[in-house]
$ cat data02.pdb   # PDB, C-alpha atoms
ATOM      1  CA  MET A 263    -142.615 -11.464 -80.963  1.00  0.00           C
ATOM      2  CA  LYS A 264    -140.298 -12.122 -78.036  1.00  0.00           C
ATOM      3  CA  THR A 265    -137.120 -10.172 -77.329  1.00  0.00           C
ATOM      4  CA  ILE A 266    -134.038 -12.166 -76.363  1.00  0.00           C
ATOM      5  CA  VAL A 267    -130.860 -10.373 -75.324  1.00  0.00           C
ATOM      6  CA  ILE A 268    -127.327 -11.645 -74.837  1.00  0.00           C
ATOM      7  CA  VAL A 269    -125.171  -9.616 -72.467  1.00  0.00           C
ATOM      8  CA  ILE A 270    -121.468  -9.365 -73.283  1.00  0.00           C
ATOM      9  CA  PHE A 271    -118.475  -7.420 -71.976  1.00  0.00           C
ATOM     10  CA  ASP A 272    -114.786  -7.125 -72.791  1.00  0.00           C
ATOM     11  CA  SER A 273    -112.978 -10.501 -72.793  1.00  0.00           C
ATOM     12  CA  PHE A 274    -116.176 -12.511 -73.206  1.00  0.00           C
ATOM     13  CA  THR A 275    -115.713 -16.114 -74.306  1.00  0.00           C
ATOM     14  CA  ASP A 276    -116.140 -16.181 -78.076  1.00  0.00           C
ATOM     15  CA  ILE A 277    -118.121 -19.397 -78.445  1.00  0.00           C
ATOM     16  CA  ASP A 278    -120.536 -18.466 -75.663  1.00  0.00           C
ATOM     17  CA  LEU A 279    -121.782 -15.532 -77.681  1.00  0.00           C
ATOM     18  CA  PHE A 280    -121.442 -16.888 -81.183  1.00  0.00           C
ATOM     19  CA  LEU A 281    -123.102 -20.244 -80.560  1.00  0.00           C
ATOM     20  CA  MET A 282    -126.119 -18.680 -78.860  1.00  0.00           C
ATOM     21  CA  TRP A 283    -126.259 -15.873 -81.431  1.00  0.00           C
ATOM     22  CA  ASP A 284    -126.143 -18.323 -84.336  1.00  0.00           C
ATOM     23  CA  ILE A 285    -128.814 -20.655 -82.963  1.00  0.00           C
ATOM     24  CA  LEU A 286    -131.195 -17.846 -82.078  1.00  0.00           C
ATOM     25  CA  GLY A 287    -130.444 -15.718 -85.122  1.00  0.00           C
ATOM     26  CA  ARG A 288    -131.834 -18.310 -87.528  1.00  0.00           C
ATOM     27  CA  ASN A 289    -135.391 -17.539 -86.419  1.00  0.00           C
ATOM     28  CA  THR A 290    -136.709 -14.045 -87.099  1.00  0.00           C
ATOM     29  CA  LYS A 291    -140.422 -14.850 -86.892  1.00  0.00           C
ATOM     30  CA  ASP A 292    -140.859 -15.789 -83.236  1.00  0.00           C
ATOM     31  CA  TRP A 293    -138.221 -13.636 -81.596  1.00  0.00           C
ATOM     32  CA  ARG A 294    -135.573 -11.014 -82.195  1.00  0.00           C
ATOM     33  CA  VAL A 295    -132.167 -11.347 -80.601  1.00  0.00           C
ATOM     34  CA  ARG A 296    -129.983  -8.429 -79.573  1.00  0.00           C
ATOM     35  CA  ILE A 297    -126.461  -8.167 -78.170  1.00  0.00           C
ATOM     36  CA  LEU A 298    -126.126  -5.750 -75.258  1.00  0.00           C
ATOM     37  CA  GLY A 299    -123.045  -4.281 -73.622  1.00  0.00           C
ATOM     38  CA  THR A 300    -121.746  -1.280 -71.749  1.00  0.00           C
ATOM     39  CA  LYS A 301    -120.357   0.281 -74.915  1.00  0.00           C
ATOM     40  CA  ALA A 302    -120.765   0.221 -78.666  1.00  0.00           C
ATOM     41  CA  GLU A 303    -118.152  -2.490 -79.187  1.00  0.00           C
ATOM     42  CA  HIS A 304    -116.542  -5.183 -77.058  1.00  0.00           C
ATOM     43  CA  LEU A 305    -113.453  -7.289 -77.691  1.00  0.00           C
ATOM     44  CA  SER A 306    -113.763 -11.030 -77.152  1.00  0.00           C
ATOM     45  CA  ALA A 307    -111.225 -13.087 -75.235  1.00  0.00           C
ATOM     46  CA  ASN A 308    -109.636 -13.967 -78.602  1.00  0.00           C
ATOM     47  CA  GLY A 309    -109.584 -10.390 -79.826  1.00  0.00           C
ATOM     48  CA  LEU A 310    -112.656 -10.235 -82.071  1.00  0.00           C
ATOM     49  CA  ALA A 311    -114.493  -6.934 -82.046  1.00  0.00           C
ATOM     50  CA  VAL A 312    -118.258  -7.293 -81.696  1.00  0.00           C
ATOM     51  CA  LYS A 313    -120.639  -4.379 -82.049  1.00  0.00           C
ATOM     52  CA  THR A 314    -123.554  -4.242 -79.650  1.00  0.00           C
ATOM     53  CA  HIS A 315    -127.141  -3.360 -80.457  1.00  0.00           C
ATOM     54  CA  GLY A 316    -127.849  -1.514 -77.239  1.00  0.00           C
ATOM     55  CA  ARG A 317    -126.883  -0.902 -73.631  1.00  0.00           C
ATOM     56  CA  ILE A 318    -127.268  -3.433 -70.823  1.00  0.00           C
ATOM     57  CA  ALA A 319    -130.148  -1.567 -69.165  1.00  0.00           C
ATOM     58  CA  GLU A 320    -132.344  -2.738 -72.059  1.00  0.00           C
ATOM     59  CA  ALA A 321    -132.135  -6.227 -70.541  1.00  0.00           C
ATOM     60  CA  ASN A 322    -134.615  -5.129 -67.883  1.00  0.00           C
ATOM     61  CA  ASP A 323    -137.398  -5.010 -70.486  1.00  0.00           C
ATOM     62  CA  ALA A 324    -136.490  -8.155 -72.447  1.00  0.00           C
ATOM     63  CA  ASP A 325    -138.407 -11.420 -72.339  1.00  0.00           C
ATOM     64  CA  VAL A 326    -135.180 -13.436 -72.086  1.00  0.00           C
ATOM     65  CA  VAL A 327    -131.808 -12.342 -70.711  1.00  0.00           C
ATOM     66  CA  LEU A 328    -128.731 -14.503 -71.330  1.00  0.00           C
ATOM     67  CA  PHE A 329    -125.334 -13.739 -69.814  1.00  0.00           C
ATOM     68  CA  SER A 330    -122.203 -14.803 -71.649  1.00  0.00           C
ATOM     69  CA  SER A 331    -119.040 -15.889 -69.876  1.00  0.00           C
ATOM     70  CA  GLY A 332    -115.343 -15.071 -69.782  1.00  0.00           C
ATOM     71  CA  LYS A 333    -112.911 -15.670 -66.937  1.00  0.00           C
ATOM     72  CA  LEU A 334    -111.412 -12.187 -67.051  1.00  0.00           C
ATOM     73  CA  GLY A 335    -114.477 -10.437 -68.415  1.00  0.00           C
ATOM     74  CA  VAL A 336    -116.839 -11.613 -65.692  1.00  0.00           C
ATOM     75  CA  LYS A 337    -114.484 -10.564 -62.903  1.00  0.00           C
ATOM     76  CA  ALA A 338    -113.954  -7.139 -64.442  1.00  0.00           C
ATOM     77  CA  SER A 339    -117.690  -6.637 -64.918  1.00  0.00           C
ATOM     78  CA  LEU A 340    -118.465  -7.602 -61.344  1.00  0.00           C
ATOM     79  CA  SER A 341    -115.965  -5.029 -60.116  1.00  0.00           C
ATOM     80  CA  ASP A 342    -117.780  -2.358 -62.127  1.00  0.00           C
ATOM     81  CA  LYS A 343    -120.548  -0.942 -59.937  1.00  0.00           C
ATOM     82  CA  ALA A 344    -122.264   0.658 -62.930  1.00  0.00           C
ATOM     83  CA  PHE A 345    -122.518  -2.736 -64.627  1.00  0.00           C
ATOM     84  CA  VAL A 346    -124.041  -4.509 -61.641  1.00  0.00           C
ATOM     85  CA  THR A 347    -126.487  -1.750 -60.702  1.00  0.00           C
ATOM     86  CA  ALA A 348    -127.771  -1.372 -64.271  1.00  0.00           C
ATOM     87  CA  PHE A 349    -129.792  -4.575 -63.946  1.00  0.00           C
ATOM     88  CA  SER A 350    -133.242  -4.757 -62.443  1.00  0.00           C
ATOM     89  CA  LEU A 351    -134.389  -8.165 -63.625  1.00  0.00           C
ATOM     90  CA  ASN A 352    -137.705  -9.816 -62.744  1.00  0.00           C
ATOM     91  CA  VAL A 353    -137.712 -13.613 -62.415  1.00  0.00           C
ATOM     92  CA  GLU A 354    -141.497 -13.607 -62.409  1.00  0.00           C
ATOM     93  CA  LYS A 355    -141.715 -12.088 -65.868  1.00  0.00           C
ATOM     94  CA  GLN A 356    -138.389 -12.945 -67.534  1.00  0.00           C
ATOM     95  CA  LEU A 357    -136.401 -16.035 -68.397  1.00  0.00           C
ATOM     96  CA  ILE A 358    -132.848 -15.467 -67.189  1.00  0.00           C
ATOM     97  CA  GLY A 359    -129.905 -17.686 -68.043  1.00  0.00           C
ATOM     98  CA  SER A 360    -126.132 -17.866 -67.997  1.00  0.00           C
ATOM     99  CA  ILE A 361    -123.382 -19.889 -69.560  1.00  0.00           C
ATOM    100  CA  CYS A 362    -120.309 -20.899 -67.544  1.00  0.00           C
ATOM    101  CA  GLY A 363    -118.920 -17.917 -65.589  1.00  0.00           C
ATOM    102  CA  GLY A 364    -122.054 -15.912 -66.269  1.00  0.00           C
ATOM    103  CA  ALA A 365    -123.422 -17.713 -63.219  1.00  0.00           C
ATOM    104  CA  PHE A 366    -121.290 -15.435 -61.046  1.00  0.00           C
ATOM    105  CA  ILE A 367    -123.189 -12.458 -62.432  1.00  0.00           C
ATOM    106  CA  LEU A 368    -126.486 -14.128 -61.577  1.00  0.00           C
ATOM    107  CA  GLU A 369    -125.161 -14.805 -58.086  1.00  0.00           C
ATOM    108  CA  ARG A 370    -124.179 -11.165 -57.610  1.00  0.00           C
ATOM    109  CA  LEU A 371    -127.645 -10.104 -58.763  1.00  0.00           C
ATOM    110  CA  GLY A 372    -129.190 -12.354 -56.116  1.00  0.00           C
ATOM    111  CA  LEU A 373    -130.761 -14.735 -58.619  1.00  0.00           C
ATOM    112  CA  LEU A 374    -129.205 -17.991 -57.357  1.00  0.00           C
ATOM    113  CA  ARG A 375    -130.232 -17.819 -53.708  1.00  0.00           C
ATOM    114  CA  ALA A 376    -133.347 -19.907 -54.138  1.00  0.00           C
ATOM    115  CA  GLY A 377    -131.728 -23.043 -55.435  1.00  0.00           C
ATOM    116  CA  PRO A 378    -128.973 -24.952 -57.240  1.00  0.00           C
ATOM    117  CA  ALA A 379    -126.871 -23.776 -60.158  1.00  0.00           C
ATOM    118  CA  THR A 380    -123.982 -24.816 -62.361  1.00  0.00           C
ATOM    119  CA  THR A 381    -121.037 -23.177 -64.074  1.00  0.00           C
ATOM    120  CA  HIS A 382    -117.878 -24.217 -65.890  1.00  0.00           C
ATOM    121  CA  PRO A 383    -116.429 -27.289 -64.119  1.00  0.00           C
ATOM    122  CA  ASP A 384    -113.186 -25.422 -63.368  1.00  0.00           C
ATOM    123  CA  ALA A 385    -115.115 -22.707 -61.517  1.00  0.00           C
ATOM    124  CA  LEU A 386    -117.595 -24.891 -59.640  1.00  0.00           C
ATOM    125  CA  GLU A 387    -115.784 -24.813 -56.301  1.00  0.00           C
ATOM    126  CA  GLU A 388    -115.486 -21.044 -56.521  1.00  0.00           C
ATOM    127  CA  LEU A 389    -119.240 -20.796 -57.023  1.00  0.00           C
ATOM    128  CA  ARG A 390    -119.866 -23.120 -54.088  1.00  0.00           C
ATOM    129  CA  ALA A 391    -117.594 -20.944 -51.932  1.00  0.00           C
ATOM    130  CA  LEU A 392    -120.145 -18.159 -52.407  1.00  0.00           C
ATOM    131  CA  GLY A 393    -122.799 -20.313 -50.772  1.00  0.00           C
ATOM    132  CA  VAL A 394    -124.426 -21.517 -53.979  1.00  0.00           C
ATOM    133  CA  ASP A 395    -125.572 -25.133 -54.251  1.00  0.00           C
ATOM    134  CA  GLY A 396    -123.294 -25.884 -57.188  1.00  0.00           C
ATOM    135  CA  ARG A 397    -124.112 -28.964 -59.248  1.00  0.00           C
ATOM    136  CA  GLU A 398    -121.752 -30.634 -61.712  1.00  0.00           C
ATOM    137  CA  GLN A 399    -124.173 -30.961 -64.582  1.00  0.00           C
ATOM    138  CA  ALA A 400    -124.693 -29.320 -67.941  1.00  0.00           C
ATOM    139  CA  LEU A 401    -127.922 -27.470 -67.170  1.00  0.00           C
ATOM    140  CA  VAL A 402    -129.632 -26.516 -63.932  1.00  0.00           C
ATOM    141  CA  CYS A 403    -133.023 -24.776 -63.985  1.00  0.00           C
ATOM    142  CA  ASN A 404    -134.858 -23.256 -61.052  1.00  0.00           C
ATOM    143  CA  GLY A 405    -138.114 -21.667 -62.102  1.00  0.00           C
ATOM    144  CA  ASN A 406    -137.308 -18.995 -64.657  1.00  0.00           C
ATOM    145  CA  VAL A 407    -133.577 -19.019 -63.927  1.00  0.00           C
ATOM    146  CA  ALA A 408    -131.194 -21.413 -65.658  1.00  0.00           C
ATOM    147  CA  THR A 409    -127.437 -21.881 -65.556  1.00  0.00           C
ATOM    148  CA  ALA A 410    -125.368 -23.918 -67.989  1.00  0.00           C
ATOM    149  CA  GLY A 411    -121.894 -25.349 -67.431  1.00  0.00           C
ATOM    150  CA  GLY A 412    -119.427 -25.836 -70.276  1.00  0.00           C
ATOM    151  CA  CYS A 413    -119.518 -23.870 -73.533  1.00  0.00           C
ATOM    152  CA  LEU A 414    -121.375 -26.500 -75.573  1.00  0.00           C
ATOM    153  CA  SER A 415    -124.123 -26.610 -72.963  1.00  0.00           C
ATOM    154  CA  ALA A 416    -125.370 -23.407 -74.585  1.00  0.00           C
ATOM    155  CA  VAL A 417    -127.325 -25.799 -76.819  1.00  0.00           C
ATOM    156  CA  TYR A 418    -129.260 -27.014 -73.773  1.00  0.00           C
ATOM    157  CA  LEU A 419    -129.740 -23.499 -72.433  1.00  0.00           C
ATOM    158  CA  ILE A 420    -131.216 -22.291 -75.708  1.00  0.00           C
ATOM    159  CA  GLY A 421    -133.273 -25.465 -75.952  1.00  0.00           C
ATOM    160  CA  TRP A 422    -134.733 -24.757 -72.497  1.00  0.00           C
ATOM    161  CA  VAL A 423    -135.570 -21.170 -73.440  1.00  0.00           C
ATOM    162  CA  VAL A 424    -137.313 -22.138 -76.660  1.00  0.00           C
ATOM    163  CA  GLU A 425    -139.203 -25.020 -75.057  1.00  0.00           C
ATOM    164  CA  VAL A 426    -140.469 -22.858 -72.197  1.00  0.00           C
ATOM    165  CA  LEU A 427    -141.636 -20.128 -74.572  1.00  0.00           C
ATOM    166  CA  PHE A 428    -142.877 -22.137 -77.540  1.00  0.00           C
ATOM    167  CA  GLY A 429    -142.994 -25.830 -76.651  1.00  0.00           C
ATOM    168  CA  ARG A 430    -141.051 -28.994 -77.350  1.00  0.00           C
ATOM    169  CA  ALA A 431    -141.715 -29.131 -81.100  1.00  0.00           C
ATOM    170  CA  LYS A 432    -140.282 -25.651 -81.624  1.00  0.00           C
ATOM    171  CA  ARG A 433    -137.225 -26.578 -79.559  1.00  0.00           C
ATOM    172  CA  ILE A 434    -136.576 -29.669 -81.688  1.00  0.00           C
ATOM    173  CA  ASP A 435    -136.970 -27.651 -84.885  1.00  0.00           C
ATOM    174  CA  THR A 436    -134.705 -24.874 -83.605  1.00  0.00           C
ATOM    175  CA  LEU A 437    -131.820 -27.189 -82.751  1.00  0.00           C
ATOM    176  CA  ARG A 438    -132.270 -29.619 -85.659  1.00  0.00           C
ATOM    177  CA  GLU A 439    -129.829 -27.867 -88.013  1.00  0.00           C
ATOM    178  CA  LEU A 440    -126.996 -28.103 -85.484  1.00  0.00           C
ATOM    179  CA  ILE A 441    -127.008 -31.875 -85.142  1.00  0.00           C
ATOM    180  CA  PRO A 442    -124.182 -33.803 -86.877  1.00  0.00           C
ATOM    181  CA  ALA A 443    -125.154 -35.978 -89.811  1.00  0.00           C
ATOM    182  CA  GLY A 444    -126.205 -39.490 -88.856  1.00  0.00           C
ATOM    183  CA  GLN A 445    -126.512 -38.627 -85.149  1.00  0.00           C
ATOM    184  CA  ARG A 446    -129.927 -37.028 -84.981  1.00  0.00           C
ATOM    185  CA  ASP A 447    -131.498 -39.557 -82.623  1.00  0.00           C
ATOM    186  CA  THR A 448    -128.466 -39.587 -80.343  1.00  0.00           C
ATOM    187  CA  PHE A 449    -128.296 -35.826 -79.990  1.00  0.00           C
ATOM    188  CA  GLU A 450    -132.033 -35.281 -79.674  1.00  0.00           C
ATOM    189  CA  GLN A 451    -132.148 -37.815 -76.849  1.00  0.00           C
ATOM    190  CA  LEU A 452    -129.193 -36.132 -75.156  1.00  0.00           C
ATOM    191  CA  ILE A 453    -130.744 -32.680 -75.480  1.00  0.00           C
ATOM    192  CA  GLU A 454    -134.092 -33.866 -74.144  1.00  0.00           C
ATOM    193  CA  LEU A 455    -132.487 -35.718 -71.249  1.00  0.00           C
ATOM    194  CA  SER A 456    -130.285 -32.750 -70.337  1.00  0.00           C
ATOM    195  CA  ILE A 457    -133.218 -30.347 -70.252  1.00  0.00           C
ATOM    196  CA  LYS A 458    -135.351 -32.724 -68.207  1.00  0.00           C
ATOM    197  CA  LYS A 459    -132.496 -33.288 -65.765  1.00  0.00           C
ATOM    198  CA  GLY A 460    -131.918 -29.560 -65.559  1.00  0.00           C
ATOM    199  CA  VAL A 461    -135.552 -28.805 -64.788  1.00  0.00           C
ATOM    200  CA  SER A 462    -135.720 -31.545 -62.123  1.00  0.00           C
ATOM    201  CA  ALA A 463    -132.556 -30.338 -60.389  1.00  0.00           C
ATOM    202  CA  ALA A 464    -134.290 -27.755 -58.210  1.00  0.00           C
TER
END
$ encode --input "data02.pdb" --output "structure tokens"
Amino acid sequence: MKTIVIVIFDSFTDIDLFLMWDILGRNTKDWRVRILGTKAEHLSANGLAVKTHGRIAEANDADVVLFSSGKLGVKASLSDKAFVTAFSLNVEKQLIGSICGGAFILERLGLLRAGPATTHPDALEELRALGVDGREQALVCNGNVATAGGCLSAVYLIGWVVEVLFGRAKRIDTLRELIPAGQRDTFEQLIELSIKKGVSAA
């Protein structure tokens, strides 16, 4: 049983959490998914209150750590020394990923120094200004670290996580219920291509 955690903070982007939470929450046999934050409840960018299951330090012991996004929330979190210093992640033992602006958290934690990354298209130049090899693509993987750009690319990020942990068949089965009617082949090809392109980006 693997433990997957999603890190949130005040003003997180709603869909970044809810899409990943929904996809992962449908499987309770192979993994458990938990939402972590700095307090018992965080407000999303659109004002929804979300209760957390634990504090962010628990991410250090998880098998998979996923950082949500949020233009204001990420900046506020990075200015909070307690938030940044709470993490002691291990790329040798953990899968670590981010969606959109979450890449800036990975950068601050020193996890993007070894290779390319992506983020939301509107923030790509800002990421490059930090010295990161920013790529304009949906998913960029470098070893056990992956970044996704654009909210819907969370599908590719989760697909990468599941495929690394459990194989291609489990990834296809996990994402199958999300695919629009009559477009299964189209979406499965797109998902597979995006993951392969992401893995080959490094």
$ atom_distance --input "data02.pdb" --atom1 "CA of Arg288 (chain A)" --atom2 "CA of Ile318 (chain A)"
22.8 Å
$ atom_distance --input "data02.pdb" --atom1 "CA of Lys459 (chain A)" --atom2 "CA of Asp435 (chain A)"
20.4 Å
$ resolve_selection --input "data02.pdb" --expression "the PyMOL selection byres ((chain A and resi 308) around 8)" --output "number ranges by chain"
A: 273, 275-276, 305-307, 309-310
$ closest_residue --input "data02.pdb" --among "A:Lys313, A:Lys301, A:Arg294, A:His382" --to "Ser415 (chain A)" --atoms "all atoms listed in the file"
A:His382
$ resolve_selection --input "data02.pdb" --expression "the PyMOL selection byres ((chain A and resi 384-400) around 12)" --output "JSON, numbers by chain"
{"A": [331, 332, 333, 336, 360, 361, 362, 363, 364, 365, 366, 367, 368, 369, 370, 372, 373, 374, 375, 376, 377, 378, 379, 380, 381, 382, 383, 401, 402, 403, 404, 408, 409, 410, 411, 412, 413, 414, 415, 416, 417, 418, 419, 422, 452, 453, 455, 456, 457, 458, 459, 460, 461, 462, 463, 464]}
$ atom_distance --input "data02.pdb" --atom1 "CA of Trp283 (chain A)" --atom2 "CA of Lys343 (chain A)"
26.8 Å
$ decode --input "data02.pdb" --residues "region 363-383 of chain A" --atoms "N, CA and C atoms" --output "PDB file, in the first residue's frame"
ATOM      1  N   GLY A 363       2.286  26.191 -10.972  1.00  0.00           N
ATOM      2  CA  GLY A 363       3.167  26.968 -10.107  1.00  0.00           C
ATOM      3  C   GLY A 363       3.832  26.179  -9.009  1.00  0.00           C
ATOM      4  N   GLY A 364       3.383  24.957  -8.782  1.00  0.00           N
ATOM      5  CA  GLY A 364       4.058  24.107  -7.799  1.00  0.00           C
ATOM      6  C   GLY A 364       5.517  23.879  -8.148  1.00  0.00           C
ATOM      7  N   ALA A 365       5.855  24.080  -9.425  1.00  0.00           N
ATOM      8  CA  ALA A 365       7.246  23.930  -9.854  1.00  0.00           C
ATOM      9  C   ALA A 365       8.165  24.902  -9.126  1.00  0.00           C
ATOM     10  N   PHE A 366       7.650  26.055  -8.745  1.00  0.00           N
ATOM     11  CA  PHE A 366       8.469  27.036  -8.033  1.00  0.00           C
ATOM     12  C   PHE A 366       8.825  26.542  -6.633  1.00  0.00           C
ATOM     13  N   ILE A 367       7.954  25.725  -6.061  1.00  0.00           N
ATOM     14  CA  ILE A 367       8.273  25.111  -4.770  1.00  0.00           C
ATOM     15  C   ILE A 367       9.378  24.077  -4.956  1.00  0.00           C
ATOM     16  N   LEU A 368       9.273  23.275  -6.001  1.00  0.00           N
ATOM     17  CA  LEU A 368      10.322  22.296  -6.276  1.00  0.00           C
ATOM     18  C   LEU A 368      11.654  22.994  -6.520  1.00  0.00           C
ATOM     19  N   GLU A 369      11.608  24.119  -7.224  1.00  0.00           N
ATOM     20  CA  GLU A 369      12.842  24.864  -7.480  1.00  0.00           C
ATOM     21  C   GLU A 369      13.457  25.351  -6.178  1.00  0.00           C
ATOM     22  N   ARG A 370      12.637  25.884  -5.282  1.00  0.00           N
ATOM     23  CA  ARG A 370      13.139  26.393  -4.013  1.00  0.00           C
ATOM     24  C   ARG A 370      13.729  25.251  -3.165  1.00  0.00           C
ATOM     25  N   LEU A 371      13.174  24.073  -3.306  1.00  0.00           N
ATOM     26  CA  LEU A 371      13.671  22.920  -2.554  1.00  0.00           C
ATOM     27  C   LEU A 371      14.892  22.282  -3.209  1.00  0.00           C
ATOM     28  N   GLY A 372      15.339  22.856  -4.322  1.00  0.00           N
ATOM     29  CA  GLY A 372      16.537  22.360  -4.990  1.00  0.00           C
ATOM     30  C   GLY A 372      16.327  21.111  -5.811  1.00  0.00           C
ATOM     31  N   LEU A 373      15.086  20.859  -6.220  1.00  0.00           N
ATOM     32  CA  LEU A 373      14.769  19.609  -6.915  1.00  0.00           C
ATOM     33  C   LEU A 373      14.779  19.747  -8.435  1.00  0.00           C
ATOM     34  N   LEU A 374      15.005  20.945  -8.958  1.00  0.00           N
ATOM     35  CA  LEU A 374      14.979  21.139 -10.412  1.00  0.00           C
ATOM     36  C   LEU A 374      16.362  21.478 -10.970  1.00  0.00           C
ATOM     37  N   ARG A 375      17.378  21.368 -10.167  1.00  0.00           N
ATOM     38  CA  ARG A 375      18.717  21.762 -10.615  1.00  0.00           C
ATOM     39  C   ARG A 375      19.333  20.791 -11.598  1.00  0.00           C
ATOM     40  N   ALA A 376      18.862  19.550 -11.562  1.00  0.00           N
ATOM     41  CA  ALA A 376      19.499  18.522 -12.388  1.00  0.00           C
ATOM     42  C   ALA A 376      18.970  18.465 -13.816  1.00  0.00           C
ATOM     43  N   GLY A 377      17.912  19.185 -14.105  1.00  0.00           N
ATOM     44  CA  GLY A 377      17.388  19.054 -15.454  1.00  0.00           C
ATOM     45  C   GLY A 377      16.199  19.937 -15.747  1.00  0.00           C
ATOM     46  N   PRO A 378      15.523  19.695 -16.863  1.00  0.00           N
ATOM     47  CA  PRO A 378      14.431  20.547 -17.331  1.00  0.00           C
ATOM     48  C   PRO A 378      13.166  20.405 -16.496  1.00  0.00           C
ATOM     49  N   ALA A 379      12.264  21.367 -16.694  1.00  0.00           N
ATOM     50  CA  ALA A 379      10.997  21.363 -15.967  1.00  0.00           C
ATOM     51  C   ALA A 379       9.990  22.170 -16.766  1.00  0.00           C
ATOM     52  N   THR A 380       8.741  22.108 -16.329  1.00  0.00           N
ATOM     53  CA  THR A 380       7.694  22.916 -16.945  1.00  0.00           C
ATOM     54  C   THR A 380       6.816  23.504 -15.859  1.00  0.00           C
ATOM     55  N   THR A 381       5.970  24.423 -16.241  1.00  0.00           N
ATOM     56  CA  THR A 381       5.020  25.052 -15.337  1.00  0.00           C
ATOM     57  C   THR A 381       3.888  25.609 -16.187  1.00  0.00           C
ATOM     58  N   HIS A 382       3.006  26.381 -15.600  1.00  0.00           N
ATOM     59  CA  HIS A 382       1.950  27.010 -16.384  1.00  0.00           C
ATOM     60  C   HIS A 382       2.593  27.897 -17.451  1.00  0.00           C
ATOM     61  N   PRO A 383       2.068  27.885 -18.676  1.00  0.00           N
ATOM     62  CA  PRO A 383       2.678  28.679 -19.753  1.00  0.00           C
ATOM     63  C   PRO A 383       2.902  30.148 -19.394  1.00  0.00           C
TER      64      PRO A 383
END
